[in-house]
Amino acid sequence: MENAKQYIKQIEEAANYIQKQLPFMPDIAIILGSGLGPLANETSHAISIDYTDIPYFPRSTVPGHEGKLIAGTISGKPVLIMKGRFHYYEGYGMDKVTFPIRVFAKLGIRSLLVTNASGGIRDDLTPGSIMLITDHLSYFCPSPLLGPNLEEFGTRFPDMTEIYKKDLLTMAKKAASAVQVPITEGIYAFFRGPQYETPAEIRGIRLFGADAAGMSTVPETIVAHHSGMDILGISLITNKAAGLGTKELNHLEVTQTAQEAERRLVTLVKEIIKEWDIHYDTGM
């Protein structure tokens with residue numbers, strides 16, 4: 001991480017810029033994974049902000065990650081959507097990967113919905129499955145909290161017992177039932193990428209309890225949890241993990257499967273946002 005005081009100043013500048021563009025305060029921040037960008041099209045009264053216009057914001061370089069903040073309403077609630085996230089494999093340090101999360105926290109947003117495209121490890125997690133994340137494995141994830149602690153955001157040694165809020169998981173399951181979208185639950189494992197995992201790595205991580213694997217989400221959720229946010233995570237299974245399927249892994253398959261499952265995921269997320277009980281916190 002850069003000098004902590006300088007980093008906090010950058011967070012404040014980015015937050016101030018975004019706040020000046022918004023006619024309202026968002027209740028929920030949403031991060032869209034590969035191929036899941038069309039969810040932003042469901043936003044009413046939308047305002048679009050290019051990442052390139054936001055001070056100190058990184059640039060998204062991955063196909064399927066457009067690089068815009070979309071502010072508006074979904075199911076009657078004000079939201080701020082990241083249409084494109086940042087990855088460690090793009091060459092960014094963890095302070096840059098998680099920079100938007102710190103900015104959201106500075107804006108006063110206390111609820112985060114994070115989505116991703118991932119490879120299914122558990123037998124029943126086939127392409128098109130939707131998995132609520134109950135926990136994660138971060139063994140291959142460089143800690144995004146490394147370096148000086150940002151005291152105004154959270155404690156030096158944050159407890160990680162319940163990153164993904166149980167009450168939000170319960171709410172999401174009820175929402176899925178209401179709109180008749182099949183879902184399951186599982187544990188997500190982070191890999192650094194950009195190479196896909198080897199079959200041996202998948203066999204190993206499966207022994208540790210992983211149900212799905214991907215290259216995002218964990219850094220953001222660690223920082224969001226450190227910042228006091230309530231987090232709900234959703235994985236869209238776009239392929240079988242290495243050694244478990246019959247096809248060679250490629251990013252095109254990921255985006256195509258995401259597009260095919262798009263309508264079900266959009267329906268689910270809209271219902272989740274409708275039922276999300278927002279708790280305001282003015283502590284920062």
# chains A, B, ... in the order shown; residues from 1 in each chain; ligands from 1
>>> residues_around(residues="Ala4 (chain A)", least_positions_apart="4", cutoff="12 Å", atoms="only C-alpha atoms", output="mmCIF file with N, CA and C atoms, in the first residue's frame")
data_model
loop_
_atom_site.group_PDB
_atom_site.id
_atom_site.type_symbol
_atom_site.label_atom_id
_atom_site.label_comp_id
_atom_site.auth_asym_id
_atom_site.auth_seq_id
_atom_site.Cartn_x
_atom_site.Cartn_y
_atom_site.Cartn_z
ATOM 1 N N ILE A 8 -5.749 7.395 2.029
ATOM 2 C CA ILE A 8 -7.024 7.879 2.561
ATOM 3 C C ILE A 8 -7.451 9.161 1.851
ATOM 4 N N LYS A 9 -6.499 10.030 1.540
ATOM 5 C CA LYS A 9 -6.816 11.261 0.807
ATOM 6 C C LYS A 9 -7.374 10.933 -0.577
ATOM 7 N N GLN A 10 -6.797 9.913 -1.245
ATOM 8 C CA GLN A 10 -7.290 9.497 -2.551
ATOM 9 C C GLN A 10 -8.717 8.942 -2.451
ATOM 10 N N ILE A 11 -8.964 8.159 -1.405
ATOM 11 C CA ILE A 11 -10.311 7.624 -1.167
ATOM 12 C C ILE A 11 -11.305 8.778 -1.016
ATOM 13 N N ASP A 95 -4.442 -2.913 -2.804
ATOM 14 C CA ASP A 95 -4.987 -1.614 -2.432
ATOM 15 C C ASP A 95 -5.797 -1.018 -3.580
ATOM 16 N N LEU A 145 -5.499 -6.390 3.599
ATOM 17 C CA LEU A 145 -5.341 -5.583 4.805
ATOM 18 C C LEU A 145 -3.877 -5.460 5.220
ATOM 19 N N LEU A 146 -2.974 -5.936 4.360
ATOM 20 C CA LEU A 146 -1.536 -5.870 4.646
ATOM 21 C C LEU A 146 -1.082 -4.416 4.743
ATOM 22 N N GLY A 147 -0.197 -4.151 5.686
ATOM 23 C CA GLY A 147 0.326 -2.796 5.829
ATOM 24 C C GLY A 147 -0.352 -2.055 6.962
ATOM 25 N N PRO A 148 -0.164 -0.737 7.003
ATOM 26 C CA PRO A 148 -0.765 0.049 8.095
ATOM 27 C C PRO A 148 -2.278 -0.125 8.112
ATOM 28 N N ASN A 149 -2.848 -0.303 9.304
ATOM 29 C CA ASN A 149 -4.297 -0.433 9.405
ATOM 30 C C ASN A 149 -4.960 0.931 9.233
ATOM 31 N N LEU A 150 -6.043 0.964 8.465
ATOM 32 C CA LEU A 150 -6.811 2.194 8.277
ATOM 33 C C LEU A 150 -7.846 2.258 9.395
ATOM 34 N N GLU A 151 -7.456 2.867 10.500
ATOM 35 C CA GLU A 151 -8.240 2.827 11.728
ATOM 36 C C GLU A 151 -9.647 3.384 11.554
ATOM 37 N N GLU A 152 -9.820 4.365 10.682
ATOM 38 C CA GLU A 152 -11.147 4.958 10.545
ATOM 39 C C GLU A 152 -12.124 4.020 9.858
#
>>> closest_residue(among="A:Leu249, A:Ile273, A:Ile237, A:Ala105", to="Pro78 (chain A)", atoms="only C-alpha atoms")
A:Ile273
>>> atom_distance(atom1="CA of Ser60 (chain A)", atom2="CA of Tyr196 (chain A)")
19.3 Å
>>> select_by_dssp(residues="region 23-251 of chain A", states="helix (DSSP H, G or I)", output="number ranges by chain")
A: 37-42, 51-53, 88-90, 94-97, 99-107, 166-179, 199-207, 218-226, 251
>>> residues_around(residues="Leu244 (chain A)", least_positions_apart="3", cutoff="9 Å", atoms="only C-alpha atoms", output="list in words")
Gly120, Ile121, Asp123, Pro199, Ile202, Lys240 and Ala241 of chain A
>>> closest_residue(among="A:Thr73, A:Gln6, A:Ser143, A:Gln256", to="Asn239 (chain A)", atoms="only C-alpha atoms")
A:Gln256
>>> closest_residue(among="A:Thr267, A:Asn16, A:Ser177, A:Gln259", to="Ser75 (chain A)", atoms="only C-alpha atoms")
A:Thr267
>>> residues_around(residues="Val79 (chain A)", least_positions_apart="2", cutoff="8 Å", atoms="only C-alpha atoms", output="MDAnalysis selection string")
chainID A and resid 26:30 71:74 77 81
>>> write_last_selection(atoms="N, CA and C atoms", output="mmCIF file, in the first residue's frame")
data_model
loop_
_atom_site.group_PDB
_atom_site.id
_atom_site.type_symbol
_atom_site.label_atom_id
_atom_site.label_comp_id
_atom_site.auth_asym_id
_atom_site.auth_seq_id
_atom_site.Cartn_x
_atom_site.Cartn_y
_atom_site.Cartn_z
ATOM 1 N N PRO A 26 -26.875 6.191 -2.286
ATOM 2 C CA PRO A 26 -27.194 4.769 -2.520
ATOM 3 C C PRO A 26 -27.292 3.987 -1.218
ATOM 4 N N ASP A 27 -28.219 3.037 -1.196
ATOM 5 C CA ASP A 27 -28.354 2.138 -0.054
ATOM 6 C C ASP A 27 -27.438 0.925 -0.195
ATOM 7 N N ILE A 28 -27.299 0.432 -1.448
ATOM 8 C CA ILE A 28 -26.600 -0.826 -1.696
ATOM 9 C C ILE A 28 -25.591 -0.634 -2.816
ATOM 10 N N ALA A 29 -24.377 -1.117 -2.623
ATOM 11 C CA ALA A 29 -23.386 -1.188 -3.690
ATOM 12 C C ALA A 29 -23.415 -2.597 -4.275
ATOM 13 N N ILE A 30 -23.321 -2.681 -5.594
ATOM 14 C CA ILE A 30 -23.381 -3.966 -6.281
ATOM 15 C C ILE A 30 -22.164 -4.088 -7.194
ATOM 16 N N ALA A 71 -25.510 4.562 -11.230
ATOM 17 C CA ALA A 71 -26.326 4.909 -10.075
ATOM 18 C C ALA A 71 -27.785 5.019 -10.512
ATOM 19 N N GLY A 72 -28.676 4.513 -9.698
ATOM 20 C CA GLY A 72 -30.097 4.558 -10.017
ATOM 21 C C GLY A 72 -30.886 3.778 -8.989
ATOM 22 N N THR A 73 -32.060 3.317 -9.374
ATOM 23 C CA THR A 73 -32.883 2.524 -8.463
ATOM 24 C C THR A 73 -33.220 1.172 -9.085
ATOM 25 N N ILE A 74 -33.220 0.157 -8.251
ATOM 26 C CA ILE A 74 -33.690 -1.178 -8.612
ATOM 27 C C ILE A 74 -34.669 -1.607 -7.521
ATOM 28 N N LYS A 77 -35.123 0.774 -4.577
ATOM 29 C CA LYS A 77 -34.029 1.141 -3.675
ATOM 30 C C LYS A 77 -32.877 1.759 -4.478
ATOM 31 N N ILE A 81 -23.835 0.648 -8.840
ATOM 32 C CA ILE A 81 -23.390 -0.599 -9.456
ATOM 33 C C ILE A 81 -22.018 -0.424 -10.097
#
>>> atom_distance(atom1="CA of Val103 (chain A)", atom2="CA of His251 (chain A)")
29.1 Å
>>> atom_distance(atom1="CA of Ala224 (chain A)", atom2="CA of Met94 (chain A)")
13.0 Å
>>> closest_residue(among="A:Tyr7, A:Trp276, A:Tyr188, A:Phe153", to="Lys96 (chain A)", atoms="only C-alpha atoms")
A:Tyr7
>>> closest_residue(among="A:Pro55, A:Gly119, A:Pro194, A:Gly186", to="Ile234 (chain A)", atoms="only C-alpha atoms")
A:Gly186
>>> residues_around(residues="region 164-173 of chain A", least_positions_apart="2", cutoff="12 Å", atoms="only C-alpha atoms", output="ChimeraX atom specification")
/A:111-114,130-136,160-162,175-188,217-218,221-222,224-225,228-234,265,267-278
>>> select_by_dssp(residues="region 16-109 of chain A", states="strand (DSSP E or B)", output="list in words")
Ile28, Ala29, Ile30, Ile31, Ser44, His45, Ala46, Ile47, Ser48, Ile49, Asp50, Lys68, Leu69, Ile70, Ala71, Gly72, Thr73, Ile74, Lys77, Pro78, Val79, Leu80, Ile81, Met82 and Lys83 of chain A
>>> closest_residue(among="A:Met82, A:Ala200, A:Ile49, A:Leu236", to="Ile18 (chain A)", atoms="only C-alpha atoms")
A:Ile49
